[in-house]
file input.json (JSON, C-alpha atoms and all ligand atoms)
[["chain", "number", "residue", "atom", "x", "y", "z"],
["A", 1, "MET", "CA", 2.81, 33.67, 2.54],
["A", 2, "LYS", "CA", 0.81, 32.17, -0.34],
["A", 3, "LYS", "CA", -2.41, 30.33, 0.45],
["A", 4, "LEU", "CA", -2.41, 26.57, -0.09],
["A", 5, "ARG", "CA", -4.77, 25.83, -3.00],
["A", 6, "LYS", "CA", -3.11, 23.06, -5.01],
["A", 7, "ALA", "CA", -2.62, 19.34, -4.43],
["A", 8, "VAL", "CA", -0.71, 16.72, -6.40],
["A", 9, "LEU", "CA", -1.86, 13.10, -6.13],
["A", 10, "PRO", "CA", 0.66, 10.67, -7.59],
["A", 11, "VAL", "CA", -1.10, 7.54, -8.83],
["A", 12, "ALA", "CA", 1.34, 6.21, -11.40],
["A", 13, "GLY", "CA", 2.96, 3.50, -9.27],
["A", 14, "LEU", "CA", 2.74, -0.14, -10.35],
["A", 15, "GLY", "CA", 1.17, -1.37, -7.09],
["A", 16, "THR", "CA", 3.10, -4.64, -7.25],
["A", 17, "ARG", "CA", 2.31, -5.50, -3.63],
["A", 18, "PHE", "CA", -1.32, -5.82, -4.66],
["A", 19, "LEU", "CA", -0.98, -8.06, -7.69],
["A", 20, "PRO", "CA", -3.02, -9.60, -9.20],
["A", 21, "ALA", "CA", -5.71, -7.04, -8.20],
["A", 22, "THR", "CA", -3.61, -4.25, -9.72],
["A", 23, "LYS", "CA", -2.78, -5.98, -12.99],
["A", 24, "ALA", "CA", -5.46, -4.11, -14.95],
["A", 25, "MET", "CA", -6.75, -1.74, -12.27],
["A", 26, "ALA", "CA", -5.15, 1.13, -10.37],
["A", 27, "LYS", "CA", -4.34, 0.45, -6.72],
["A", 28, "GLU", "CA", -6.01, 3.76, -5.87],
["A", 29, "MET", "CA", -9.37, 2.41, -7.12],
["A", 30, "LEU", "CA", -9.36, -0.28, -4.42],
["A", 31, "PRO", "CA", -12.24, 0.48, -2.06],
["A", 32, "ILE", "CA", -12.13, 0.78, 1.70],
["A", 33, "VAL", "CA", -15.66, -0.37, 2.56],
["A", 34, "ASP", "CA", -17.41, 1.20, -0.47],
["A", 35, "LYS", "CA", -15.27, 4.17, -1.45],
["A", 36, "PRO", "CA", -12.09, 4.06, -3.56],
["A", 37, "LEU", "CA", -8.86, 5.30, -2.03],
["A", 38, "ILE", "CA", -8.63, 8.15, -4.55],
["A", 39, "GLN", "CA", -11.98, 9.54, -3.41],
["A", 40, "TYR", "CA", -10.91, 9.58, 0.24],
["A", 41, "ALA", "CA", -7.83, 11.55, -0.84],
["A", 42, "ILE", "CA", -9.76, 14.09, -2.92],
["A", 43, "GLU", "CA", -12.30, 14.61, -0.12],
["A", 44, "GLU", "CA", -9.51, 15.08, 2.44],
["A", 45, "ALA", "CA", -7.88, 17.68, 0.18],
["A", 46, "GLN", "CA", -11.19, 19.51, -0.33],
["A", 47, "ALA", "CA", -11.67, 19.63, 3.46],
["A", 48, "ALA", "CA", -8.28, 21.36, 3.70],
["A", 49, "GLY", "CA", -9.36, 24.06, 1.25],
["A", 50, "ILE", "CA", -7.63, 22.65, -1.84],
["A", 51, "GLU", "CA", -9.24, 23.94, -5.05],
["A", 52, "GLN", "CA", -7.04, 22.46, -7.79],
["A", 53, "PHE", "CA", -5.96, 18.84, -8.10],
["A", 54, "CYS", "CA", -3.35, 17.23, -10.31],
["A", 55, "LEU", "CA", -3.36, 13.46, -10.72],
["A", 56, "VAL", "CA", -0.03, 12.11, -11.92],
["A", 57, "SER", "CA", -1.18, 9.02, -13.71],
["A", 58, "GLY", "CA", 0.19, 6.31, -15.96],
["A", 59, "ARG", "CA", -0.96, 3.55, -18.26],
["A", 60, "GLY", "CA", -4.22, 1.81, -17.39],
["A", 61, "LYS", "CA", -5.34, 4.44, -14.89],
["A", 62, "THR", "CA", -8.28, 5.98, -16.78],
["A", 63, "ALA", "CA", -10.86, 4.65, -14.28],
["A", 64, "LEU", "CA", -9.35, 7.04, -11.71],
["A", 65, "ILE", "CA", -10.21, 10.03, -13.88],
["A", 66, "ASP", "CA", -13.58, 8.62, -14.98],
["A", 67, "HIS", "CA", -14.52, 8.22, -11.33],
["A", 68, "PHE", "CA", -14.90, 12.01, -11.04],
["A", 69, "ASP", "CA", -16.90, 12.42, -14.27],
["A", 70, "VAL", "CA", -20.67, 12.60, -14.54],
["A", 71, "ALA", "CA", -22.05, 9.09, -15.18],
["A", 72, "TYR", "CA", -25.03, 10.05, -17.39],
["A", 73, "GLU", "CA", -26.47, 6.57, -18.03],
["A", 74, "LEU", "CA", -26.11, 5.51, -14.41],
["A", 75, "GLU", "CA", -27.71, 8.69, -13.10],
["A", 76, "ALA", "CA", -30.58, 8.47, -15.60],
["A", 77, "THR", "CA", -31.28, 4.86, -14.62],
["A", 78, "LEU", "CA", -31.15, 5.70, -10.90],
["A", 79, "ARG", "CA", -33.56, 8.59, -11.52],
["A", 80, "GLU", "CA", -35.97, 6.31, -13.42],
["A", 81, "ARG", "CA", -35.87, 3.88, -10.49],
["A", 82, "GLY", "CA", -36.43, 6.65, -7.94],
["A", 83, "LYS", "CA", -33.11, 6.01, -6.16],
["A", 84, "THR", "CA", -32.86, 9.58, -4.84],
["A", 85, "ASP", "CA", -30.45, 8.71, -2.01],
["A", 86, "MET", "CA", -27.94, 7.26, -4.47],
["A", 87, "ILE", "CA", -28.27, 10.25, -6.81],
["A", 88, "ALA", "CA", -27.64, 12.55, -3.83],
["A", 89, "MET", "CA", -24.53, 10.54, -2.98],
["A", 90, "LEU", "CA", -23.20, 10.87, -6.55],
["A", 91, "ASP", "CA", -24.04, 14.60, -6.55],
["A", 92, "ALA", "CA", -22.13, 15.10, -3.31],
["A", 93, "MET", "CA", -18.91, 13.72, -4.80],
["A", 94, "LYS", "CA", -18.96, 16.03, -7.84],
["A", 95, "VAL", "CA", -15.94, 18.30, -8.09],
["A", 96, "GLN", "CA", -15.84, 21.79, -9.60],
["A", 97, "PRO", "CA", -15.65, 21.57, -13.39],
["A", 98, "GLY", "CA", -12.06, 22.03, -14.49],
["A", 99, "SER", "CA", -10.58, 21.49, -11.03],
["A", 100, "ILE", "CA", -8.92, 18.14, -11.81],
["A", 101, "THR", "CA", -5.94, 18.10, -14.14],
["A", 102, "THR", "CA", -3.95, 15.04, -15.12],
["A", 103, "VAL", "CA", -0.39, 14.64, -16.27],
["A", 104, "ARG", "CA", 1.27, 11.43, -17.35],
["A", 105, "GLN", "CA", 4.32, 9.83, -15.88],
["A", 106, "GLN", "CA", 5.19, 7.51, -18.76],
["A", 107, "VAL", "CA", 7.69, 5.44, -16.79],
["A", 108, "PRO", "CA", 7.44, 5.01, -12.99],
["A", 109, "LEU", "CA", 10.88, 6.34, -12.12],
["A", 110, "GLY", "CA", 9.97, 7.10, -8.52],
["A", 111, "LEU", "CA", 7.81, 9.39, -6.38],
["A", 112, "GLY", "CA", 10.17, 12.34, -6.89],
["A", 113, "HIS", "CA", 9.92, 11.95, -10.65],
["A", 114, "ALA", "CA", 6.10, 11.75, -10.40],
["A", 115, "ILE", "CA", 6.01, 15.08, -8.52],
["A", 116, "TRP", "CA", 8.38, 16.65, -11.05],
["A", 117, "CYS", "CA", 5.94, 15.62, -13.80],
["A", 118, "ALA", "CA", 3.43, 18.04, -12.19],
["A", 119, "ARG", "CA", 5.85, 21.01, -12.36],
["A", 120, "ALA", "CA", 3.75, 23.09, -14.79],
["A", 121, "PHE", "CA", 0.70, 22.66, -12.54],
["A", 122, "ILE", "CA", 2.69, 23.62, -9.41],
["A", 123, "GLY", "CA", 4.29, 26.75, -10.91],
["A", 124, "ASP", "CA", 5.39, 29.11, -8.12],
["A", 125, "ASP", "CA", 2.84, 27.99, -5.58],
["A", 126, "PRO", "CA", 3.03, 25.96, -2.38],
["A", 127, "PHE", "CA", 1.33, 22.62, -2.86],
["A", 128, "ALA", "CA", 0.14, 19.58, -0.98],
["A", 129, "ILE", "CA", 0.95, 16.00, -1.85],
["A", 130, "LEU", "CA", -1.38, 13.18, -0.87],
["A", 131, "LEU", "CA", -0.41, 9.56, -1.49],
["A", 132, "PRO", "CA", -3.87, 7.99, -1.75],
["A", 133, "ASP", "CA", -2.70, 4.60, -0.51],
["A", 134, "ASP", "CA", -1.90, 6.19, 2.86],
["A", 135, "LEU", "CA", -5.25, 6.62, 4.56],
["A", 136, "VAL", "CA", -5.62, 8.49, 7.85],
["A", 137, "LEU", "CA", -8.59, 8.08, 10.17],
["A", 138, "SER", "CA", -8.74, 11.22, 12.32],
["A", 139, "GLU", "CA", -11.05, 13.80, 13.86],
["A", 140, "THR", "CA", -9.55, 16.63, 11.80],
["A", 141, "PRO", "CA", -8.55, 15.49, 8.29],
["A", 142, "CYS", "CA", -4.77, 14.98, 8.20],
["A", 143, "LEU", "CA", -4.12, 17.47, 5.40],
["A", 144, "GLU", "CA", -6.11, 20.13, 7.25],
["A", 145, "GLN", "CA", -3.78, 19.61, 10.23],
["A", 146, "LEU", "CA", -0.80, 20.10, 7.90],
["A", 147, "ALA", "CA", -2.39, 23.17, 6.28],
["A", 148, "GLN", "CA", -2.73, 24.72, 9.76],
["A", 149, "ALA", "CA", 0.93, 23.96, 10.47],
["A", 150, "TYR", "CA", 1.90, 25.53, 7.12],
["A", 151, "ALA", "CA", -0.10, 28.65, 8.05],
["A", 152, "GLU", "CA", 1.95, 28.80, 11.30],
["A", 153, "THR", "CA", 5.41, 28.25, 9.79],
["A", 154, "GLY", "CA", 5.14, 29.35, 6.15],
["A", 155, "GLY", "CA", 7.49, 26.52, 5.21],
["A", 156, "ASN", "CA", 7.58, 22.85, 4.32],
["A", 157, "VAL", "CA", 5.59, 20.56, 6.61],
["A", 158, "VAL", "CA", 5.39, 16.77, 6.43],
["A", 159, "ALA", "CA", 3.18, 14.44, 8.45],
["A", 160, "VAL", "CA", 5.30, 12.19, 10.65],
["A", 161, "ALA", "CA", 4.74, 9.08, 12.76],
["A", 162, "GLU", "CA", 6.89, 6.81, 14.92],
["A", 163, "VAL", "CA", 7.66, 3.46, 13.29],
["A", 164, "PRO", "CA", 9.24, 0.36, 14.86],
["A", 165, "ARG", "CA", 13.05, 0.61, 14.74],
["A", 166, "ASP", "CA", 13.34, -2.55, 12.65],
["A", 167, "GLN", "CA", 11.16, -1.02, 9.91],
["A", 168, "THR", "CA", 13.04, 2.20, 9.16],
["A", 169, "ASN", "CA", 14.19, 0.68, 5.85],
["A", 170, "LYS", "CA", 10.63, 1.06, 4.50],
["A", 171, "TYR", "CA", 10.28, 4.82, 5.09],
["A", 172, "GLY", "CA", 11.74, 8.30, 4.76],
["A", 173, "ILE", "CA", 13.27, 8.97, 8.19],
["A", 174, "LEU", "CA", 13.89, 12.32, 9.95],
["A", 175, "ARG", "CA", 16.93, 13.69, 11.71],
["A", 176, "VAL", "CA", 15.22, 15.66, 14.42],
["A", 177, "GLY", "CA", 16.10, 19.03, 15.95],
["A", 178, "GLN", "CA", 13.83, 20.93, 18.35],
["A", 179, "ASP", "CA", 10.75, 18.96, 19.29],
["A", 180, "ASP", "CA", 7.77, 20.38, 21.19],
["A", 181, "GLY", "CA", 5.84, 17.11, 21.08],
["A", 182, "ARG", "CA", 3.64, 18.30, 18.18],
["A", 183, "MET", "CA", 6.00, 19.95, 15.71],
["A", 184, "VAL", "CA", 9.55, 18.78, 15.15],
["A", 185, "GLU", "CA", 12.28, 20.72, 13.41],
["A", 186, "VAL", "CA", 13.65, 18.64, 10.53],
["A", 187, "LEU", "CA", 17.45, 18.72, 10.34],
["A", 188, "GLY", "CA", 17.83, 15.89, 7.86],
["A", 189, "LEU", "CA", 15.94, 13.28, 5.84],
["A", 190, "VAL", "CA", 17.10, 9.84, 4.74],
["A", 191, "GLU", "CA", 15.16, 7.49, 2.47],
["A", 192, "LYS", "CA", 14.85, 3.90, 3.69],
["A", 193, "PRO", "CA", 17.87, 3.76, 6.04],
["A", 194, "LYS", "CA", 18.88, 0.45, 7.62],
["A", 195, "PRO", "CA", 17.81, 0.39, 11.30],
["A", 196, "ALA", "CA", 21.45, 0.75, 12.39],
["A", 197, "ASP", "CA", 21.92, 3.89, 10.25],
["A", 198, "ALA", "CA", 18.52, 5.50, 10.93],
["A", 199, "PRO", "CA", 18.84, 8.91, 12.65],
["A", 200, "SER", "CA", 15.49, 8.37, 14.45],
["A", 201, "ASN", "CA", 12.38, 6.25, 14.18],
["A", 202, "LEU", "CA", 10.23, 9.17, 13.04],
["A", 203, "SER", "CA", 9.01, 8.55, 9.50],
["A", 204, "VAL", "CA", 7.33, 10.67, 6.85],
["A", 205, "ILE", "CA", 3.86, 9.44, 5.85],
["A", 206, "GLY", "CA", 2.04, 10.25, 2.61],
["A", 207, "ARG", "CA", 0.96, 13.83, 3.39],
["A", 208, "TYR", "CA", 3.14, 16.83, 2.60],
["A", 209, "VAL", "CA", 2.92, 20.60, 2.14],
["A", 210, "LEU", "CA", 5.93, 21.74, 0.14],
["A", 211, "LEU", "CA", 7.28, 24.96, -1.30],
["A", 212, "PRO", "CA", 7.77, 25.02, -5.10],
["A", 213, "GLU", "CA", 11.59, 25.16, -4.66],
["A", 214, "VAL", "CA", 11.55, 21.37, -4.43],
["A", 215, "ILE", "CA", 10.99, 21.18, -8.20],
["A", 216, "GLY", "CA", 14.41, 22.74, -8.87],
["A", 217, "HIS", "CA", 16.05, 20.00, -6.79],
["A", 218, "LEU", "CA", 13.99, 17.28, -8.47],
["A", 219, "SER", "CA", 15.11, 18.57, -11.88],
["A", 220, "GLN", "CA", 18.60, 17.24, -11.08],
["A", 221, "MET", "CA", 17.06, 13.75, -11.55],
["A", 222, "GLU", "CA", 19.48, 12.22, -9.06],
["A", 223, "ARG", "CA", 18.74, 8.56, -8.40],
["A", 224, "GLY", "CA", 18.52, 7.47, -4.77],
["A", 225, "ALA", "CA", 17.31, 4.39, -2.87],
["A", 226, "GLY", "CA", 16.06, 1.65, -5.20],
["A", 227, "ASN", "CA", 17.60, 3.59, -8.14],
["A", 228, "GLU", "CA", 14.46, 5.80, -8.07],
["A", 229, "VAL", "CA", 14.22, 9.59, -8.13],
["A", 230, "GLN", "CA", 13.31, 10.06, -4.48],
["A", 231, "LEU", "CA", 11.19, 12.95, -3.19],
["A", 232, "THR", "CA", 12.94, 12.55, 0.17],
["A", 233, "ASP", "CA", 16.33, 13.41, -1.34],
["A", 234, "ALA", "CA", 14.99, 16.58, -3.01],
["A", 235, "MET", "CA", 13.20, 17.63, 0.20],
["A", 236, "ALA", "CA", 16.44, 17.12, 2.15],
["A", 237, "LYS", "CA", 18.10, 19.74, -0.07],
["A", 238, "MET", "CA", 15.62, 22.40, 1.08],
["A", 239, "ILE", "CA", 16.54, 21.96, 4.77],
["A", 240, "GLY", "CA", 18.40, 25.01, 6.02],
["A", 241, "ASN", "CA", 17.15, 27.24, 3.19],
["A", 242, "THR", "CA", 13.45, 27.22, 4.06],
["A", 243, "PRO", "CA", 11.66, 26.24, 7.31],
["A", 244, "PHE", "CA", 11.07, 22.49, 7.45],
["A", 245, "HIS", "CA", 8.95, 20.78, 10.08],
["A", 246, "GLY", "CA", 7.41, 17.42, 10.81],
["A", 247, "LEU", "CA", 3.93, 17.38, 12.29],
["A", 248, "ARG", "CA", 2.86, 14.59, 14.61],
["A", 249, "TYR", "CA", -0.68, 14.47, 13.28],
["A", 250, "GLU", "CA", -3.64, 13.31, 15.30],
["A", 251, "GLY", "CA", -5.11, 10.12, 13.85],
["A", 252, "ARG", "CA", -4.35, 6.57, 12.79],
["A", 253, "ARG", "CA", -2.65, 5.85, 9.49],
["A", 254, "PHE", "CA", -3.21, 2.76, 7.37],
["A", 255, "ASP", "CA", -0.82, 1.75, 4.60],
["A", 256, "CYS", "CA", -3.43, 0.53, 2.14],
["A", 257, "GLY", "CA", -0.76, -0.35, -0.42],
["A", 258, "ASP", "CA", 0.08, -3.24, 1.89],
["A", 259, "LYS", "CA", -2.29, -6.18, 2.42],
["A", 260, "ILE", "CA", -2.37, -6.05, 6.22],
["A", 261, "GLY", "CA", -2.78, -2.26, 6.31],
["A", 262, "PHE", "CA", -5.57, -2.54, 3.74],
["A", 263, "LEU", "CA", -7.41, -5.23, 5.73],
["A", 264, "GLU", "CA", -7.08, -3.27, 8.97],
["A", 265, "ALA", "CA", -8.41, -0.13, 7.27],
["A", 266, "GLN", "CA", -11.50, -2.06, 6.11],
["A", 267, "ILE", "CA", -12.31, -2.98, 9.69],
["A", 268, "ALA", "CA", -11.48, 0.43, 11.18],
["A", 269, "PHE", "CA", -13.54, 2.35, 8.61],
["A", 270, "ALA", "CA", -16.45, -0.13, 8.78],
["A", 271, "LEU", "CA", -16.55, 0.24, 12.57],
["A", 272, "LYS", "CA", -17.00, 4.01, 12.09],
["A", 273, "ARG", "CA", -20.19, 3.39, 10.09],
["A", 274, "PRO", "CA", -23.20, 3.06, 12.43],
["A", 275, "GLU", "CA", -25.13, 0.94, 9.88],
["A", 276, "LEU", "CA", -22.25, -1.55, 9.58],
["A", 277, "ALA", "CA", -20.51, -1.56, 12.96],
["A", 278, "PRO", "CA", -22.85, -3.97, 14.83],
["A", 279, "ALA", "CA", -22.63, -6.63, 12.11],
["A", 280, "VAL", "CA", -18.84, -6.23, 11.87],
["A", 281, "ARG", "CA", -18.45, -6.59, 15.65],
["A", 282, "GLU", "CA", -20.62, -9.68, 15.49],
["A", 283, "PHE", "CA", -18.65, -11.48, 12.76],
["A", 284, "MET", "CA", -15.34, -10.50, 14.32],
["A", 285, "LYS", "CA", -16.33, -12.47, 17.43],
["A", 286, "HIS", "CA", -16.48, -15.54, 15.25],
["A", 287, "TYR", "CA", -12.91, -15.03, 14.01],
["A", 288, "GLN", "CA", -11.64, -14.27, 17.51],
["A", 289, "ASP", "CA", -12.99, -17.64, 18.58],
["A", 290, "ALA", "CA", -11.43, -19.30, 15.56],
["A", 291, "VAL", "CA", -7.84, -18.18, 16.34],
["A", 301, "LIG", "P1", 4.66, 3.03, -3.61],
["A", 301, "LIG", "O1", 5.97, 3.10, -2.94],
["A", 301, "LIG", "O2", 3.50, 2.54, -2.82],
["A", 301, "LIG", "O3", 4.84, 2.19, -4.95],
["A", 301, "LIG", "O4", 4.34, 4.48, -4.17],
["A", 301, "LIG", "P2", 3.75, 1.54, -5.87],
["A", 301, "LIG", "O5", 4.38, 1.26, -7.18],
["A", 301, "LIG", "O6", 2.50, 2.36, -5.91],
["A", 301, "LIG", "O7", 3.37, 0.16, -5.14],
["A", 301, "LIG", "P3", 4.23, -1.18, -4.89],
["A", 301, "LIG", "O8", 5.29, -0.81, -3.89],
["A", 301, "LIG", "O9", 4.78, -1.64, -6.21],
["A", 301, "LIG", "O10", 3.22, -2.14, -4.35],
["A", 301, "LIG", "C1", 3.88, 5.52, -3.33],
["A", 301, "LIG", "C2", 3.03, 6.47, -4.14],
["A", 301, "LIG", "O11", 3.78, 7.07, -5.18],
["A", 301, "LIG", "C3", 3.18, 6.83, -6.44],
["A", 301, "LIG", "C4", 2.30, 5.62, -6.23],
["A", 301, "LIG", "O12", 1.22, 5.62, -7.16],
["A", 301, "LIG", "C5", 1.83, 5.82, -4.79],
["A", 301, "LIG", "O13", 0.76, 6.74, -4.71],
["A", 301, "LIG", "N1", 4.27, 6.62, -7.43],
["A", 301, "LIG", "C6", 5.34, 5.86, -7.12],
["A", 301, "LIG", "C7", 4.18, 7.23, -8.67],
["A", 301, "LIG", "O14", 3.18, 7.94, -8.98],
["A", 301, "LIG", "N2", 5.20, 7.05, -9.56],
["A", 301, "LIG", "C8", 6.29, 6.31, -9.27],
["A", 301, "LIG", "O15", 7.19, 6.20, -10.13],
["A", 301, "LIG", "C9", 6.35, 5.67, -8.02]]
call {"tool": "encode", "arguments": {"input": "input.json", "output": "structure tokens", "more": "lines below"}}
Ligand code: UTP
result
Amino acid sequence: MKKLRKAVLPVAGLGTRFLPATKAMAKEMLPIVDKPLIQYAIEEAQAAGIEQFCLVSGRGKTALIDHFDVAYELEATLRERGKTDMIAMLDAMKVQPGSITTVRQQVPLGLGHAIWCARAFIGDDPFAILLPDDLVLSETPCLEQLAQAYAETGGNVVAVAEVPRDQTNKYGILRVGQDDGRMVEVLGLVEKPKPADAPSNLSVIGRYVLLPEVIGHLSQMERGAGNEVQLTDAMAKMIGNTPFHGLRYEGRRFDCGDKIGFLEAQIAFALKRPELAPAVREFMKHYQDAV
């Protein structure tokens, strides 16, 4: 079994649910408290042992790449002003030179197409996918949990969570085989099924470990739900040929591409910060009284 060293981070979506904020700025640069979504994703991948990152980006996304560059003028000014704590913080987020690659997805034809754009980076290796707008607050970083599951099974593993029955049409949904409460055998995958047609209410969230075979299926460029090239459809074609499991990860997931999920994440992550939590609790009392 090959070690998991690579991660693909698709960031080429239009982020229409967050307009007008995303008109000129990438959704993945939106901060939760004081850190952009993309940085949470890179740090989570690093914690899982990922060494090489590929950002699938599109027009107007250069800030995402610049975020991981050295900011000479800023650092020089901070040094002049003796802001050693801030310099240390910037130093801590530096990545290995050459470890971030970017490819362009010129037209956002869907998540599956975005992953296919990273095919040269993936080569013959297993790889992780992190959708940065899905943020998971957990004891063990979500991708690390998946990497452990991959080490156990040697096959495809996706992070899964129960969703309300009436919301299956927003997610990739599993047809479930054996289920030990932690790992579930995946017998089928359907993208955005109507509640009446959904084979379960177990959905895939934005963390995956996949075998490179998925690229061959994506190359077919078949259009699925929403007339997009869906990753779910290509993953479904691997079922039966290679092990495929869903992992009920430990943690709470926030869909930060959605306004309510984003707002909830702000509160949840702020409450984890000892220097912020008391003030947040205090102002929340005010809003509790107001409703
Ligand atoms: P979303 O389904 O959240 O779509 O994509 P979106 O375009 O980003 O946002 P909305 O729905 O218009 O508000 C899930 C992930 O897949 C990436 C997105 O950047 C996000 O990380 N994606 C999606 C691409 O990279 N390319 C695509 O063609 C579609």
call {"tool": "axis_aligned_box", "arguments": {"input": "input.json", "around": "ligand LIG 301 (chain A)", "padding_each_side": "3 Å", "output": "AutoDock Vina command-line options"}}
result
--center_x 4.0 --center_y 2.9 --center_z -6.5 --size_x 12.4 --size_y 16.1 --size_z 13.3
call {"tool": "atom_distance", "arguments": {"input": "input.json", "atom1": "CA of Ala92 in chain A", "atom2": "CA of Ala41 in chain A"}}
result
14.9 Å
call {"tool": "closest_residue", "arguments": {"input": "input.json", "among": "A:Asn227, A:Thr140, A:Asn156, A:Gln178", "to": "ligand LIG 301 (chain A)", "atoms": "all atoms listed in the file"}}
result
A:Asn227
call {"tool": "residues_near_ligand", "arguments": {"input": "input.json", "ligand": "ligand LIG 301 (chain A)", "cutoff": "7 Å", "atoms": "all atoms listed in the file", "output": "list in words"}}
result
Pro10, Val11, Ala12, Gly13, Leu14, Gly15, Thr16, Arg17, Phe18, Val56, Ser57, Gln105, Val107, Pro108, Leu109, Gly110, Leu111, His113, Ala114, Leu131, Pro132, Asp133 and Gly257 of chain A
call {"tool": "closest_residue", "arguments": {"input": "input.json", "among": "A:Lys170, A:Thr102, A:Ser138, A:Tyr208", "to": "Leu55 in chain A", "atoms": "all atoms listed in the file"}}
result
A:Thr102
call {"tool": "closest_residue", "arguments": {"input": "input.json", "among": "A:Gly246, A:Gly188, A:Gly60, A:Gly49", "to": "Glu162 in chain A", "atoms": "only C-alpha atoms"}}
result
A:Gly246
call {"tool": "residues_around", "arguments": {"input": "input.json", "residues": "Leu30 in chain A", "least_positions_apart": "6", "cutoff": "10 Å", "atoms": "all atoms listed in the file", "output": "list in words"}}
result
Phe18, Ala21, Thr22, Pro36, Leu37, Ile38, Asp133, Cys256, Gly257 and Phe262 of chain A
call {"tool": "atom_distance", "arguments": {"input": "input.json", "atom1": "CA of Gly123 in chain A", "atom2": "CA of Pro212 in chain A"}}
result
7.0 Å
call {"tool": "residues_around", "arguments": {"input": "input.json", "residues": "Gln266 in chain A", "least_positions_apart": "6", "cutoff": "9 Å", "atoms": "all atoms listed in the file", "output": "ChimeraX atom specification"}}
result
/A:31-33
call {"tool": "write_last_selection", "arguments": {"input": "input.json", "atoms": "C-alpha atoms", "output": "PDB file, in the frame of the given file"}}
result
ATOM      1  CA  PRO A  31     -12.240   0.480  -2.060  1.00  0.00           C
ATOM      2  CA  ILE A  32     -12.130   0.780   1.700  1.00  0.00           C
ATOM      3  CA  VAL A  33     -15.660  -0.370   2.560  1.00  0.00           C
TER       4      VAL A  33
END
call {"tool": "closest_residue", "arguments": {"input": "input.json", "among": "A:Pro126, A:Ala24, A:Glu213, A:Val176", "to": "Ser200 in chain A", "atoms": "all atoms listed in the file"}}
result
A:Val176
call {"tool": "closest_residue", "arguments": {"input": "input.json", "among": "A:Tyr249, A:Phe53, A:Phe269, A:Phe244", "to": "Phe121 in chain A", "atoms": "all atoms listed in the file"}}
result
A:Phe53
call {"tool": "residues_near_point", "arguments": {"input": "input.json", "point": "(-2.4, 7.9, 5.2)", "cutoff": "8 Å", "atoms": "all atoms listed in the file", "output": "list in words"}}
result
Leu131, Pro132, Asp133, Asp134, Leu135, Val136, Leu137, Ile205, Gly206, Arg207, Arg252, Arg253, Phe254 and Asp255 of chain A
call {"tool": "write_last_selection", "arguments": {"input": "input.json", "atoms": "C-alpha atoms", "output": "compact mmCIF listing (two decimals), in the frame of the given file"}}
result
# COMPACT_ATOMS: atom_id res chain seq x y z
CA LEU A 131 -0.41 9.56 -1.49
CA PRO A 132 -3.87 7.99 -1.75
CA ASP A 133 -2.70 4.60 -0.51
CA ASP A 134 -1.90 6.19 2.86
CA LEU A 135 -5.25 6.62 4.56
CA VAL A 136 -5.62 8.49 7.85
CA LEU A 137 -8.59 8.08 10.17
CA ILE A 205 3.86 9.44 5.85
CA GLY A 206 2.04 10.25 2.61
CA ARG A 207 0.96 13.83 3.39
CA ARG A 252 -4.35 6.57 12.79
CA ARG A 253 -2.65 5.85 9.49
CA PHE A 254 -3.21 2.76 7.37
CA ASP A 255 -0.82 1.75 4.60
call {"tool": "atom_distance", "arguments": {"input": "input.json", "atom1": "CA of Ala279 in chain A", "atom2": "CA of Cys142 in chain A"}}
result
28.3 Å
call {"tool": "residues_around", "arguments": {"input": "input.json", "residues": "range 144-154 of chain A", "least_positions_apart": "3", "cutoff": "12 Å", "atoms": "only C-alpha atoms", "output": "PyMOL selection string"}}
result
chain A and resi 1-7+41+43-50+126-130+136+138-141+157-160+182-185+205-211+242-251
